[in-house]
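Data block below; observations after.
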Amino acid sequence: MTPTSAFQLPAPLADIDPAGLVLLLDCDGVLAPIVDDPAAAAVPEGTVQLVRAAVAQTALTGVVTGRQLGRTRELVPVDGIWIAAMHGMHIVSPTGEEDIDPIAEAGREFVQVAAQTAQTVGWAYEDKGHSVTIHFRQRGALGQAVDPVMVKAQLQTVLNPLKVEIHDAKQVLEIKTRGVRTKSDGVTRLIVAAGEAAQTAIFVGDDLTDLDGFLGLDAARETNPALRIVKVAVGGDEAPAALVAAADVVLDGEADVPLMLAALLGR
């Protein structure tokens with residue numbers, strides 16, 4: 001693990017040839033600063049420009065995110081980018097070819113119970129179709145603060161544990177069908193898509209689900225031992241200790257992400 005203060009490219013990121021780089025980035029907390037209302041999130045224009053430059057300079061640039069496809073395209077309006085949306089359940093190539101997880105499709109009816117419960121009780125939530133996210137940065141529909149422990153306990157009484165699982169993340173709960181793809185699958189599939197051009201793969205994340213992205217890097221290197229991998233965590237007060245411990249590089253915060261991208265691309 002390499003903490004950074006005044007930003008400079010740490011040793012694990014030094015001497016990387018962009019032409020052989022697979023650059024994979026989470027969205028919220030990495031490209032887009034975290035905000036209380038997820039609908040208000042935005043990627044700064046300067047960061048969008050750097051992602052656009054990365055597409056032109058790297059073997060492959062992709063966004064691996066829990067967001068739905070349409071919202072990801074709004075946040076990162078960059079031609080030529082790969083998107084692994086919904087934690088890898090929905091993968092789309094730059095030419096528009098789509099790969100949707102059939103397990104997620106089949107499990108929608110079980111996941112929707114969480115959305116129905118949230119709507120009935122008045123929790124702040126997002127129904128993403130193949131998953132449901134309960135938010136705790138916002139107050140519920142009745143203006144009340146919501147206790148995550150209480151919410152999780154209540155969900156466990158109405159969800160089918162054989163079909164659905166609940167994942168903790170930063171100020172949210174994620175409800176998904178058991179056995180669906182994770183960010184690990186999204187990362188490995190995008191590295192495979194880069195083909196023989198892939199010499200180095202970097203994944204940048206900020207939350208517990210991004211540990212799966214790190215696992216995807218490990219899996220890709222098992223298949224290709226020559227592949228250089230770098231796990232990058234965005235640090236800060238809310239950074240999960242497990243993610244920081246697993247990272248090769250820890251950035252001070254979101255503000256360091258565009259600095260890192262600019263340095264990697266020689267800008």
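The way I read the labels, and the way they are meant: chains A, B, ... in the order of the structure tokens, residue 1 as the first residue of every chain, and ligand 1 as the first ligand shown, with later ones counted on from there.
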Quiz prompt | Those in region 201-236 of chain A with alpha helix (DSSP H) from DSSP, as a list in words | solution =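 Listing alpha helix (DSSP H) positions across region 201-236 of chain A yields Asp210, Leu211, Asp212, Gly213, Phe214, Leu215, Gly216, Leu217, Asp218, Ala219, Ala220, Arg221, Glu222 and Thr223 of chain A.
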Quiz item: DSSP says strand (DSSP E or B) for which residues of region 63-186 of chain A? Put them as JSON, numbers by chain?
Solution: {"A": [63, 64, 82, 83, 84, 85, 90, 91, 92, 98, 99, 100, 125, 126, 127, 131, 132, 133, 134, 135, 164, 165, 166, 167, 168, 169, 172, 173, 174, 175, 176, 177]}
Write out, as a JSON list (two decimals), in the first residue's frame, the residues just selected, with C-alpha atoms.
[["chain", "number", "residue", "atom", "x", "y", "z"],
["A", 63, "VAL", "CA", -16.28, 2.57, -16.15],
["A", 64, "VAL", "CA", -17.23, -0.20, -13.72],
["A", 82, "TRP", "CA", -16.63, 0.53, -22.22],
["A", 83, "ILE", "CA", -19.25, 0.42, -19.46],
["A", 84, "ALA", "CA", -19.80, -2.34, -16.93],
["A", 85, "ALA", "CA", -22.99, -0.99, -15.31],
["A", 90, "HIS", "CA", -24.89, -4.96, -17.80],
["A", 91, "ILE", "CA", -21.82, -4.63, -19.99],
["A", 92, "VAL", "CA", -21.81, -2.48, -23.12],
["A", 98, "GLU", "CA", -24.79, -5.48, -24.80],
["A", 99, "ASP", "CA", -24.22, -8.38, -22.41],
["A", 100, "ILE", "CA", -26.85, -8.65, -19.65],
["A", 125, "TYR", "CA", -34.22, 4.32, -2.44],
["A", 126, "GLU", "CA", -33.29, 3.70, -6.08],
["A", 127, "ASP", "CA", -34.93, 0.94, -8.07],
["A", 131, "SER", "CA", -30.94, -4.25, -7.97],
["A", 132, "VAL", "CA", -32.30, -1.85, -5.37],
["A", 133, "THR", "CA", -30.27, 0.64, -3.36],
["A", 134, "ILE", "CA", -31.45, 2.04, -0.02],
["A", 135, "HIS", "CA", -29.82, 5.44, 0.72],
["A", 164, "VAL", "CA", -31.69, -12.25, -2.59],
["A", 165, "GLU", "CA", -28.72, -10.91, -0.63],
["A", 166, "ILE", "CA", -28.08, -7.58, 1.07],
["A", 167, "HIS", "CA", -24.68, -5.86, 0.78],
["A", 168, "ASP", "CA", -23.38, -3.06, 3.00],
["A", 169, "ALA", "CA", -21.64, -0.09, 1.37],
["A", 172, "VAL", "CA", -26.26, 2.53, 1.42],
["A", 173, "LEU", "CA", -27.55, -1.03, 1.31],
["A", 174, "GLU", "CA", -27.47, -2.87, -2.02],
["A", 175, "ILE", "CA", -30.06, -5.60, -2.61],
["A", 176, "LYS", "CA", -29.23, -8.06, -5.41],
["A", 177, "THR", "CA", -30.13, -11.51, -6.66]]
Quiz item: Given the choices A:Val192, A:Lys128, A:Thr95, A:Leu21, which gets closest to Gln68 (chain A) if the distance is worked out from only C-alpha atoms?
Solution: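 For Gln68 (chain A), the nearest of the given residues is A:Lys128.
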Practice problem: Would you please work out which residue, of A:Val149, A:Met89, A:Ala42, A:Leu261, is nearest to Asp28 (chain A) when using only C-alpha atoms? | Solution: A:Ala42
Practice problem: Excluding Ala59 (chain A) and any residue of its chain fewer than 6 positions from it, enumerate the residues within 9 Å of it, using only C-alpha atoms, and give them as a list in words. | Solution: Pro18, Ala19, Gly20, Leu21, Val22, Leu23, Ala194, Gly195, Ala197, Ala198 and Gln199 of chain A
So which residues touch Val43 (chain A) within 10 Å, counting only C-alpha atoms, skipping near sequence neighbours fewer than 5 positions away, as a short mmCIF file (atom, residue, chain, number, x, y, z; two decimals) with C-alpha atoms, in the first residue's frame?
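File written: part_9.cif
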data_model
loop_
_atom_site.label_atom_id
_atom_site.label_comp_id
_atom_site.auth_asym_id
_atom_site.auth_seq_id
_atom_site.Cartn_x
_atom_site.Cartn_y
_atom_site.Cartn_z
CA CYS A 27 -17.94 6.38 -11.00
CA ASP A 28 -19.36 7.72 -7.71
CA GLY A 29 -16.58 8.53 -5.26
CA VAL A 30 -13.95 8.27 -8.01
CA LEU A 31 -14.98 10.26 -11.08
CA ALA A 32 -17.99 11.95 -9.46
CA PRO A 33 -17.73 13.42 -5.96
CA VAL A 48 -14.57 14.01 -18.40
CA GLU A 74 -25.05 10.90 -18.72
CA LEU A 75 -22.31 11.18 -16.11
CA VAL A 76 -19.49 10.10 -18.44
CA PRO A 77 -20.52 11.20 -21.96
#
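The environment of Val232 (chain A) within 8 Å, counting only C-alpha atoms and disregarding residues fewer than 6 places along the same chain, consists of A:Ile202, A:Phe203, A:Val204, A:Gly205, A:Ala247, A:Asp248, A:Val249, A:Val250, A:Leu251.
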Practice problem: Between CA of Ala255 (chain A) and CA of Lys183 (chain A), measure the distance and give it in Å to one decimal. | Solution: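 Computing the Euclidean distance for CA of Ala255 (chain A) and CA of Lys183 (chain A) yields 23.1 Å.
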